[in-house]
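Colleague: A single structure is presented below for examination.
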Amino acid sequence: SKMAFDVSKFRGKLTNDGARPNLFKVSIPNKTGFWEGSTDLEFFCRASQIPGITIGTVPVNYFGRQVKLAGNKTYADWTVTVINDEDFAHRSQFEAWMNSINTASGNLREGDGGATDYTQACTVTQLSKLGSDTAARIYTLHYTFPTDLSPITLDWGDNDTIEEYTVTFSYDYFSATTGAISNGGTGPSVKPIKNDGWPE
């Protein structure tokens, strides 16, 4: 017998017409000496990523056959693209953050030198089409710190554009929780990932 392509079934499974890549916000919490007051970075962060995971493989040869075993889990760097305003409010804070990790002339680190002095827990929130305050999923990147602040290219012939730059961050791991949109009514249940990496 032939299988029918039932579009209505597909629509029923695609919760709220699917997640959209342009509905997101990035938050870097206030840290004394880095952000002044509560951050408004979410208005200036134009692009980012939901973090990914890579698990390595350990190949073991056995009588001419290769057996692949699970290896270690790694997390690739995280990048944000930021729109630059004329007072350089955010870029100057990234510069200060990186300078506190390693000063330009003194080659020193501020504070006690520990990771908690220069790292942050940053979040990437996938928003729902139901409203700007409705999160579908929230990712928290733990022990995050900037490793690369890109240059801004200047050009007399570059008209009708606004400057932007990218910031690359390193982090140890992420945890994820569902927001207001959970299960979607038709999809499988989603369990939050706790900080230690195991589902609740």
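Labeling convention for the structure tokens: chains A, B, ... as they appear, residues from 1 per chain, ligands from 1 in order of appearance.
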DSSP on the backbone, then: every residue of region 74-115 of chain A marked helix (DSSP H, G or I), written as a list in words.
Modeller: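 DSSP on the backbone gives helix (DSSP H, G or I) at Ala89, His90, Arg91, Ser92, Gln93, Phe94, Glu95, Ala96, Trp97, Met98, Asn99, Ser100, Ile101 and Ala115 of chain A.
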Colleague: Got time to write the residues from that selection, all heavy atoms, as an mmCIF file, in the first residue's frame?
Modeller:
data_model
loop_
_atom_site.group_PDB
_atom_site.id
_atom_site.type_symbol
_atom_site.label_atom_id
_atom_site.label_comp_id
_atom_site.auth_asym_id
_atom_site.auth_seq_id
_atom_site.Cartn_x
_atom_site.Cartn_y
_atom_site.Cartn_z
ATOM 1 N N ALA A 89 29.995 51.921 24.084
ATOM 2 C CA ALA A 89 29.638 51.475 25.436
ATOM 3 C C ALA A 89 29.993 50.009 25.669
ATOM 4 O O ALA A 89 30.582 49.664 26.699
ATOM 5 C CB ALA A 89 28.155 51.704 25.672
ATOM 6 N N HIS A 90 29.644 49.141 24.721
ATOM 7 C CA HIS A 90 29.876 47.723 24.930
ATOM 8 C C HIS A 90 31.297 47.317 24.583
ATOM 9 O O HIS A 90 31.920 46.541 25.306
ATOM 10 C CB HIS A 90 28.868 46.905 24.118
ATOM 11 C CG HIS A 90 27.463 47.145 24.526
ATOM 12 N ND1 HIS A 90 26.658 48.065 23.906
ATOM 13 C CD2 HIS A 90 26.714 46.610 25.528
ATOM 14 C CE1 HIS A 90 25.478 48.084 24.499
ATOM 15 N NE2 HIS A 90 25.485 47.222 25.476
ATOM 16 N N ARG A 91 31.825 47.851 23.496
ATOM 17 C CA ARG A 91 33.193 47.469 23.115
ATOM 18 C C ARG A 91 34.203 47.866 24.203
ATOM 19 O O ARG A 91 35.117 47.096 24.507
ATOM 20 C CB ARG A 91 33.576 48.098 21.779
ATOM 21 C CG ARG A 91 34.925 47.574 21.266
ATOM 22 C CD ARG A 91 35.262 48.101 19.886
ATOM 23 N NE ARG A 91 36.574 47.634 19.466
ATOM 24 C CZ ARG A 91 36.821 46.516 18.797
ATOM 25 N NH1 ARG A 91 35.810 45.716 18.475
ATOM 26 N NH2 ARG A 91 38.041 46.174 18.439
ATOM 27 N N SER A 92 34.003 49.039 24.783
ATOM 28 C CA SER A 92 34.938 49.458 25.833
ATOM 29 C C SER A 92 34.878 48.520 27.027
ATOM 30 O O SER A 92 35.891 48.291 27.702
ATOM 31 C CB SER A 92 34.623 50.895 26.266
ATOM 32 O OG SER A 92 33.340 50.974 26.860
ATOM 33 N N GLN A 93 33.706 47.954 27.302
ATOM 34 C CA GLN A 93 33.583 47.022 28.409
ATOM 35 C C GLN A 93 34.248 45.687 28.099
ATOM 36 O O GLN A 93 34.852 45.056 28.973
ATOM 37 C CB GLN A 93 32.116 46.830 28.779
ATOM 38 C CG GLN A 93 31.442 48.077 29.314
ATOM 39 C CD GLN A 93 32.140 48.615 30.546
ATOM 40 O OE1 GLN A 93 32.367 47.890 31.511
ATOM 41 N NE2 GLN A 93 32.504 49.882 30.520
ATOM 42 N N PHE A 94 34.138 45.235 26.830
ATOM 43 C CA PHE A 94 34.850 44.025 26.435
ATOM 44 C C PHE A 94 36.360 44.244 26.532
ATOM 45 O O PHE A 94 37.104 43.353 26.960
ATOM 46 C CB PHE A 94 34.469 43.610 25.011
ATOM 47 C CG PHE A 94 33.108 42.992 24.898
ATOM 48 C CD1 PHE A 94 32.145 43.529 24.060
ATOM 49 C CD2 PHE A 94 32.778 41.856 25.631
ATOM 50 C CE1 PHE A 94 30.886 42.964 23.955
ATOM 51 C CE2 PHE A 94 31.513 41.270 25.531
ATOM 52 C CZ PHE A 94 30.570 41.837 24.691
ATOM 53 N N GLU A 95 36.821 45.416 26.124
ATOM 54 C CA GLU A 95 38.245 45.740 26.235
ATOM 55 C C GLU A 95 38.692 45.714 27.695
ATOM 56 O O GLU A 95 39.756 45.183 28.026
ATOM 57 C CB GLU A 95 38.526 47.100 25.602
ATOM 58 C CG GLU A 95 38.372 47.124 24.090
ATOM 59 C CD GLU A 95 38.417 48.524 23.502
ATOM 60 O OE1 GLU A 95 38.338 49.506 24.275
ATOM 61 O OE2 GLU A 95 38.511 48.641 22.264
ATOM 62 N N ALA A 96 37.864 46.300 28.578
ATOM 63 C CA ALA A 96 38.195 46.317 30.005
ATOM 64 C C ALA A 96 38.193 44.902 30.580
ATOM 65 O O ALA A 96 39.046 44.558 31.409
ATOM 66 C CB ALA A 96 37.200 47.200 30.757
ATOM 67 N N TRP A 97 37.233 44.098 30.150
ATOM 68 C CA TRP A 97 37.143 42.711 30.618
ATOM 69 C C TRP A 97 38.422 41.948 30.249
ATOM 70 O O TRP A 97 39.048 41.300 31.099
ATOM 71 C CB TRP A 97 35.920 42.052 29.990
ATOM 72 C CG TRP A 97 35.557 40.700 30.530
ATOM 73 C CD1 TRP A 97 36.295 39.912 31.375
ATOM 74 C CD2 TRP A 97 34.362 39.988 30.255
ATOM 75 N NE1 TRP A 97 35.630 38.741 31.636
ATOM 76 C CE2 TRP A 97 34.441 38.756 30.961
ATOM 77 C CE3 TRP A 97 33.234 40.250 29.486
ATOM 78 C CZ2 TRP A 97 33.427 37.799 30.906
ATOM 79 C CZ3 TRP A 97 32.227 39.299 29.440
ATOM 80 C CH2 TRP A 97 32.320 38.096 30.147
ATOM 81 N N MET A 98 38.825 42.070 28.984
ATOM 82 C CA MET A 98 40.014 41.349 28.528
ATOM 83 C C MET A 98 41.282 41.900 29.176
ATOM 84 O O MET A 98 42.223 41.154 29.468
ATOM 85 C CB MET A 98 40.096 41.403 27.002
ATOM 86 C CG MET A 98 38.916 40.705 26.327
ATOM 87 S SD MET A 98 38.946 40.774 24.532
ATOM 88 C CE MET A 98 40.115 39.462 24.188
ATOM 89 N N ASN A 99 41.314 43.215 29.431
ATOM 90 C CA ASN A 99 42.479 43.809 30.057
ATOM 91 C C ASN A 99 42.609 43.351 31.510
ATOM 92 O O ASN A 99 43.719 43.232 32.043
ATOM 93 C CB ASN A 99 42.404 45.331 29.992
ATOM 94 C CG ASN A 99 43.726 45.989 30.345
ATOM 95 O OD1 ASN A 99 44.746 45.705 29.721
ATOM 96 N ND2 ASN A 99 43.723 46.852 31.340
ATOM 97 N N SER A 100 41.476 43.083 32.165
ATOM 98 C CA SER A 100 41.527 42.601 33.541
ATOM 99 C C SER A 100 42.076 41.178 33.617
ATOM 100 O O SER A 100 42.632 40.770 34.630
ATOM 101 C CB SER A 100 40.138 42.655 34.179
ATOM 102 O OG SER A 100 39.304 41.631 33.675
ATOM 103 N N ILE A 101 41.907 40.425 32.522
ATOM 104 C CA ILE A 101 42.444 39.061 32.477
ATOM 105 C C ILE A 101 43.955 39.098 32.297
ATOM 106 O O ILE A 101 44.688 38.326 32.912
ATOM 107 C CB ILE A 101 41.776 38.247 31.347
ATOM 108 C CG1 ILE A 101 40.271 38.088 31.633
ATOM 109 C CG2 ILE A 101 42.423 36.882 31.195
ATOM 110 C CD1 ILE A 101 39.496 37.464 30.490
ATOM 111 N N ALA A 115 39.382 31.808 38.506
ATOM 112 C CA ALA A 115 38.458 31.862 37.383
ATOM 113 C C ALA A 115 37.214 32.686 37.690
ATOM 114 O O ALA A 115 36.654 33.332 36.800
ATOM 115 C CB ALA A 115 38.056 30.449 36.969
#
Colleague: So which bits of region 65-179 of chain A end up strand (DSSP E or B) when you DSSP the backbone, as a compact mmCIF listing (two decimals) with N, CA and C atoms, in the first residue's frame?
Modeller:
# COMPACT_ATOMS: atom_id res chain seq x y z
N ARG A 65 39.39 -5.48 12.95
CA ARG A 65 38.18 -4.66 12.97
C ARG A 65 38.41 -3.46 13.87
N GLN A 66 37.83 -2.33 13.50
CA GLN A 66 37.96 -1.13 14.32
C GLN A 66 36.68 -0.91 15.12
N VAL A 67 36.85 -0.90 16.43
CA VAL A 67 35.73 -0.63 17.34
C VAL A 67 35.86 0.81 17.82
N LYS A 68 34.78 1.56 17.73
CA LYS A 68 34.80 2.97 18.14
C LYS A 68 34.10 3.13 19.48
N LEU A 69 34.85 3.66 20.43
CA LEU A 69 34.30 3.90 21.76
C LEU A 69 34.11 5.40 21.98
N ALA A 70 33.20 5.74 22.87
CA ALA A 70 32.93 7.15 23.14
C ALA A 70 34.10 7.78 23.89
N GLY A 71 34.48 8.98 23.46
CA GLY A 71 35.58 9.70 24.08
C GLY A 71 35.10 10.85 24.95
N ASN A 72 35.88 11.90 24.97
CA ASN A 72 35.56 13.05 25.82
C ASN A 72 34.66 14.04 25.10
N LYS A 73 33.90 14.77 25.90
CA LYS A 73 32.99 15.79 25.37
C LYS A 73 33.70 17.14 25.37
N THR A 74 33.58 17.87 24.27
CA THR A 74 34.18 19.20 24.17
C THR A 74 33.13 20.20 23.67
N TRP A 78 32.20 30.12 21.50
CA TRP A 78 30.91 30.79 21.28
C TRP A 78 31.17 32.21 20.81
N THR A 79 30.46 32.65 19.80
CA THR A 79 30.71 33.96 19.19
C THR A 79 29.43 34.79 19.15
N VAL A 80 29.56 36.07 19.43
CA VAL A 80 28.46 37.02 19.28
C VAL A 80 28.90 38.14 18.35
N THR A 81 27.95 38.67 17.60
CA THR A 81 28.19 39.83 16.74
C THR A 81 27.45 41.02 17.34
N VAL A 82 28.18 42.12 17.57
CA VAL A 82 27.64 43.26 18.30
C VAL A 82 27.63 44.50 17.41
N ILE A 83 26.51 45.21 17.41
CA ILE A 83 26.41 46.50 16.71
C ILE A 83 27.09 47.56 17.56
N GLN A 120 32.06 34.60 33.56
CA GLN A 120 30.65 34.94 33.72
C GLN A 120 29.80 33.76 33.29
N ALA A 121 28.58 33.69 33.78
CA ALA A 121 27.57 32.79 33.25
C ALA A 121 26.72 33.58 32.27
N CYS A 122 26.81 33.26 30.99
CA CYS A 122 26.08 33.98 29.95
C CYS A 122 24.92 33.11 29.46
N THR A 123 23.87 33.75 28.96
CA THR A 123 22.72 32.99 28.48
C THR A 123 22.36 33.36 27.05
N VAL A 124 21.91 32.34 26.33
CA VAL A 124 21.31 32.51 25.00
C VAL A 124 19.89 31.99 25.10
N THR A 125 18.92 32.82 24.79
CA THR A 125 17.51 32.45 24.92
C THR A 125 16.85 32.40 23.56
N GLN A 126 16.29 31.25 23.22
CA GLN A 126 15.48 31.12 22.02
C GLN A 126 14.07 31.59 22.37
N LEU A 127 13.63 32.64 21.70
CA LEU A 127 12.31 33.19 21.99
C LEU A 127 11.24 32.55 21.13
N ALA A 135 10.15 32.54 26.45
CA ALA A 135 11.32 31.75 26.08
C ALA A 135 10.90 30.33 25.72
N ALA A 136 11.43 29.81 24.61
CA ALA A 136 11.22 28.42 24.27
C ALA A 136 12.27 27.52 24.90
N ARG A 137 13.51 28.03 24.97
CA ARG A 137 14.60 27.28 25.60
C ARG A 137 15.70 28.25 26.00
N ILE A 138 16.32 27.98 27.14
CA ILE A 138 17.35 28.88 27.67
C ILE A 138 18.63 28.08 27.88
N TYR A 139 19.71 28.55 27.28
CA TYR A 139 21.02 27.93 27.42
C TYR A 139 21.91 28.82 28.28
N THR A 140 22.51 28.25 29.30
CA THR A 140 23.44 28.98 30.16
C THR A 140 24.85 28.43 29.94
N LEU A 141 25.76 29.33 29.55
CA LEU A 141 27.15 28.96 29.32
C LEU A 141 27.95 29.30 30.57
N HIS A 142 28.55 28.31 31.18
CA HIS A 142 29.20 28.49 32.47
C HIS A 142 30.70 28.77 32.32
N TYR A 143 31.20 29.66 33.17
CA TYR A 143 32.62 30.05 33.20
C TYR A 143 33.06 30.59 31.84
N THR A 144 32.33 31.60 31.37
CA THR A 144 32.58 32.19 30.06
C THR A 144 33.51 33.39 30.20
N PHE A 145 34.44 33.51 29.25
CA PHE A 145 35.30 34.69 29.20
C PHE A 145 35.73 34.94 27.76
N PRO A 146 35.96 36.21 27.39
CA PRO A 146 36.30 36.55 26.00
C PRO A 146 37.74 36.17 25.67
N THR A 147 37.94 35.62 24.49
CA THR A 147 39.28 35.25 24.03
C THR A 147 39.70 36.03 22.78
N ASP A 148 38.73 36.62 22.06
CA ASP A 148 39.08 37.36 20.84
C ASP A 148 38.07 38.48 20.62
N LEU A 149 38.58 39.70 20.45
CA LEU A 149 37.75 40.87 20.11
C LEU A 149 38.18 41.32 18.73
N GLU A 164 30.08 47.03 13.21
CA GLU A 164 29.82 45.89 14.09
C GLU A 164 31.10 45.09 14.24
N TYR A 165 31.15 44.25 15.24
CA TYR A 165 32.34 43.46 15.52
C TYR A 165 31.91 42.16 16.19
N THR A 166 32.81 41.20 16.23
CA THR A 166 32.51 39.93 16.85
C THR A 166 33.37 39.74 18.11
N VAL A 167 32.81 39.04 19.07
CA VAL A 167 33.53 38.67 20.29
C VAL A 167 33.45 37.16 20.41
N THR A 168 34.60 36.52 20.56
CA THR A 168 34.66 35.07 20.71
C THR A 168 34.93 34.73 22.17
N PHE A 169 34.15 33.79 22.69
CA PHE A 169 34.24 33.41 24.09
C PHE A 169 34.62 31.94 24.21
N SER A 170 35.34 31.63 25.28
CA SER A 170 35.56 30.25 25.69
C SER A 170 34.70 29.99 26.92
N TYR A 173 31.21 24.56 29.94
CA TYR A 173 30.09 23.68 29.57
C TYR A 173 28.82 24.51 29.61
N PHE A 174 27.73 23.96 29.11
CA PHE A 174 26.44 24.67 29.20
C PHE A 174 25.39 23.77 29.81
N SER A 175 24.38 24.40 30.38
CA SER A 175 23.18 23.70 30.83
C SER A 175 21.99 24.30 30.10
N ALA A 176 20.92 23.53 29.96
CA ALA A 176 19.76 23.98 29.20
C ALA A 176 18.49 23.70 29.95
N THR A 177 17.56 24.63 29.88
CA THR A 177 16.25 24.44 30.50
C THR A 177 15.18 24.86 29.53
N THR A 178 14.02 24.26 29.67
CA THR A 178 12.89 24.68 28.84
C THR A 178 12.30 25.96 29.40
Colleague: Have a look at CA of Asn16 (chain A) and CA of Ile53 (chain A) and let me know their distance in Å, one decimal.
Modeller: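 Separation of CA of Asn16 (chain A) and CA of Ile53 (chain A): 25.8 Å.
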Colleague: Counting only C-alpha atoms, figure out which residue out of A:Asp117, A:Asp6, A:Glu163, A:Glu86 gets nearest to Arg46 (chain A).
Modeller: A:Glu163
